[in-house]
Structure formats: structure tokens, C-alpha cells
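Enquirer: Below are the C-alpha cells for one structure; questions will follow.
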Amino acid sequence: MKYIVGDIGNTTTRICLLNQRFLIVKSVIFDTSKIFEKKYSRNIFKKFLKKDTNSKLLFSSVVPLAFKKIKAIFKGSNYKIIEIKNLKIKKIIKINVKKQNQLGSDRIVNAIAGKKYKNCLILDFGTATTFDIIKNGVYEGGVIAPGVKLSMMNLSNSTALLPMFRLRNNQKNYGKSTKDALNAGFIWGYEGLINNIINKITSKWKMKYKVVLTGGYANFFKKIIKKKTIVDQNITIKGISKVYKELL
């Protein structure tokens, strides 16, 4: 038996095929906007749907319209499309926040996957830069900061003379050109932001903990984070897989 799971994010979507041990055997990442292109979405799923594929497809989604579109693709079929928040997540992890319905599905499944470390801080470089805290196996909340790429795009789109640029991690001095000045601002700015938030969160911890990085800029910023870190680009899918395994 094989299983299909997916993570629908604001910028990108990832669909994965899992084997009987719930390990990834096939994966595709594409722009979330393409979900609204009917033929594109259908062709993606055709590549994953096999005779031995379970009829339940599980998703983490922070884009309700995109999830609704995927459900519409399978309307009238034998396949059932499920979002993780429609399941009894509290059976897997205790969530200690005031309004759980406002917590993004991606952050929930990240926490579920990070629970194995008992004490963990997960830093996700997505459309937003999020910091999620798991203490003694309980999700305790987190921090949301501006996303790196989105901030770069907004700055470029909102100014007449500042260009879009690619980050370089070898910034040693302030800029002598516009692009160098922008690079310095983003590298040094996010270096301060990330390390300061990590310190604020963990300064009172009196236990060992893991700092796990995921998302587009995880490997890039790993080099400037002062705490010891690990990179796991599959942590979100691992969380969804665990939900599937235990609740479906």
C-alpha cells in the first residue's frame, strides 16, 4: 500500500508518495498558484495515483482556496481529500495556545514531527519566518517574523530604484554598491533577528534542546546561527505522515 500526502503553502506546494513504511519514495514541488490550473493539477496527481494507492489523501494547507480546488478535482471519485485540522490532532500532540484554530497546519505538523526531540525549536524559512517551540513534547507557541524572500520582493516592488537581487552569504563589509548594501542589510539584519529571537526563546531553558531548520533558506542561514542546528527539509512531510499513520 502507498499513500499520498501534501503540504500546501502560500508560495509552494509539495506532494509526496509514501511507501508502506510511510517513507518518501516520490516528491514534487511546484508553485501553489498552479493548483488553479486544472490540467496542471490533474497531471500531477496522475503521476502519483496507482492501483495500490490508499484512497485517503492527507494535506496540510494554509491556503483554503487551493485546498478547496484540490477537493474539487477529486469530486465524484473514490478518493477522499482530508486536511489535518479535520482530524483529532490532540490525540497526537498537546497544543498549549489560546486559539488553536488560528494556528497554521504547517506549524502543527512541524511540531508533531519535532516532538520526537522532546524539547525542540523549529525554524521554518517559508513565506513567513516562523519559530515554533516544543517543550516536554508539548507545543507551546512561537514567533512569526517576515519571510526573507517576501521582504526582498516587497522592498524591490515598493521602490523605484532598488533592484531585486540574490542573497550572497560572504558579506564582510558594508556595501559599496546598491546590491552590496541590500545584501548587507538582509544578511546582517536577519542574522540579528534570527539569533536574537532564538536567544529570547531559549534563554530560560534549563534543558537540552534541538534547533531544527527547514524551508528555502535553511542551509543558507545555518552558517550564521550561533546555536548548533540541524537541517531537515522533510520535517513537514514527516509530521503529516505521522498524522496519517496514527489517525487514518
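In the C-alpha cells, chains take the letters A, B, ... in the order shown, each chain's residues start at 1, and ligands count up from 1 in the order shown.
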Using only C-alpha atoms, determine which residues lie at most 10 Å from A:Ala218, disregarding the query and same-chain residues fewer than 6 positions distant; provide the list as a VMD selection string.

Expert: chain A and resid 123 to 126 212 229 to 233

Enquirer: Which residues of stretch 104-132 of chain A have any atom within 10 Å of an atom in stretch 4-16 of chain A when counting only C-alpha atoms, and what is the closest pair of atoms for each, with the distance in Å to one decimal? Order the rows by chain and rising number and write it as a Markdown table.

Expert:
| residue | atom | partner | partner_atom | distance |
| --- | --- | --- | --- | --- |
| A:Gly104 | CA | A:Gly9 | CA | 9.9 |
| A:Ser105 | CA | A:Asp7 | CA | 8.9 |
| A:Asp106 | CA | A:Asp7 | CA | 7.3 |
| A:Val109 | CA | A:Asp7 | CA | 9.7 |
| A:Gly126 | CA | A:Thr11 | CA | 7.9 |
| A:Thr127 | CA | A:Thr11 | CA | 6.4 |
| A:Ala128 | CA | A:Asn10 | CA | 9.3 |

Enquirer: For a quick check of understanding, using only C-alpha atoms, which of A:Lys135, A:Lys46, A:Lys56, A:Lys38 has the smallest distance to A:Lys69?

Expert: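 Nearest candidate to A:Lys69 out of A:Lys135, A:Lys46, A:Lys56, A:Lys38: A:Lys38.
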
Enquirer: Give me the residues within 9 Å of stretch 192-194 of chain A as number ranges by chain, counting only C-alpha atoms and dropping any in the same chain fewer than 5 places off.

Expert: A: 123, 145, 187, 199, 221, 225

Enquirer: With C-alpha atoms retained, export the selected residues as a short mmCIF file (atom, residue, chain, number, x, y, z; two decimals), in the first residue's frame.

Expert:
data_model
loop_
_atom_site.label_atom_id
_atom_site.label_comp_id
_atom_site.auth_asym_id
_atom_site.auth_seq_id
_atom_site.Cartn_x
_atom_site.Cartn_y
_atom_site.Cartn_z
CA LEU A 123 12.72 27.50 12.47
CA ALA A 145 8.64 37.19 11.55
CA ILE A 187 22.27 39.24 5.78
CA ASN A 199 18.11 33.68 22.44
CA PHE A 221 21.27 30.85 7.31
CA ILE A 225 23.14 30.94 13.55
#

Enquirer: Looking at only C-alpha atoms, which of A:Phe36, A:Lys98, A:Ile93, A:Ile134 is the one that sits closest to A:Leu65?

Expert: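 Between A:Phe36, A:Lys98, A:Ile93, A:Ile134, the residue approaching A:Leu65 most closely is A:Phe36.
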
Enquirer: Just the number, please: distance in Å from atom CA of A:Trp205 to atom CA of A:Val148, one decimal.

Expert: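 Pair atom CA of A:Trp205 / atom CA of A:Val148 returns 27.3 Å.
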
Enquirer: List every residue of stretch 3-243 of chain A that DSSP, applied to the backbone of this structure, assigns to strand (DSSP E or B), and report them as number ranges by chain.

Expert: A: 3-8, 12-18, 24-31, 53-61, 80-83, 94-95, 120-125, 128-135, 138-146, 210-215, 230-231

Enquirer: What is the atom CA of A:Thr236 to atom CA of A:Arg107 distance in Å?

Expert: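 Interatomic distance, atom CA of A:Thr236 to atom CA of A:Arg107: 8.1 Å.
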
Enquirer: What parts of stretch 56-184 of chain A does DSSP call helix (DSSP H, G or I)? I'd like the answer as JSON, numbers by chain.

Expert: {"A": [64, 65, 66, 67, 68, 69, 70, 71, 72, 73, 84, 85, 86, 89, 90, 91, 100, 101, 102, 105, 106, 107, 108, 109, 110, 111, 112, 113, 114, 115, 116, 117, 148, 149, 150, 151, 152, 153, 154, 155, 156, 157, 158, 178, 179, 180, 181, 182, 183, 184]}

Enquirer: Just how far from atom CA of A:Phe165 is atom CA of A:Asn183, in Å to one decimal?

Expert: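 Answer for the atom CA of A:Asn183 to atom CA of A:Phe165 separation: 8.0 Å.
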
Enquirer: Determine the nearest neighbour of A:Ile237 from the options A:Asn110, A:Ile198, A:Ser61, A:Lys50, counting only C-alpha atoms.

Expert: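 Closest to A:Ile237, using only C-alpha atoms: A:Asn110.
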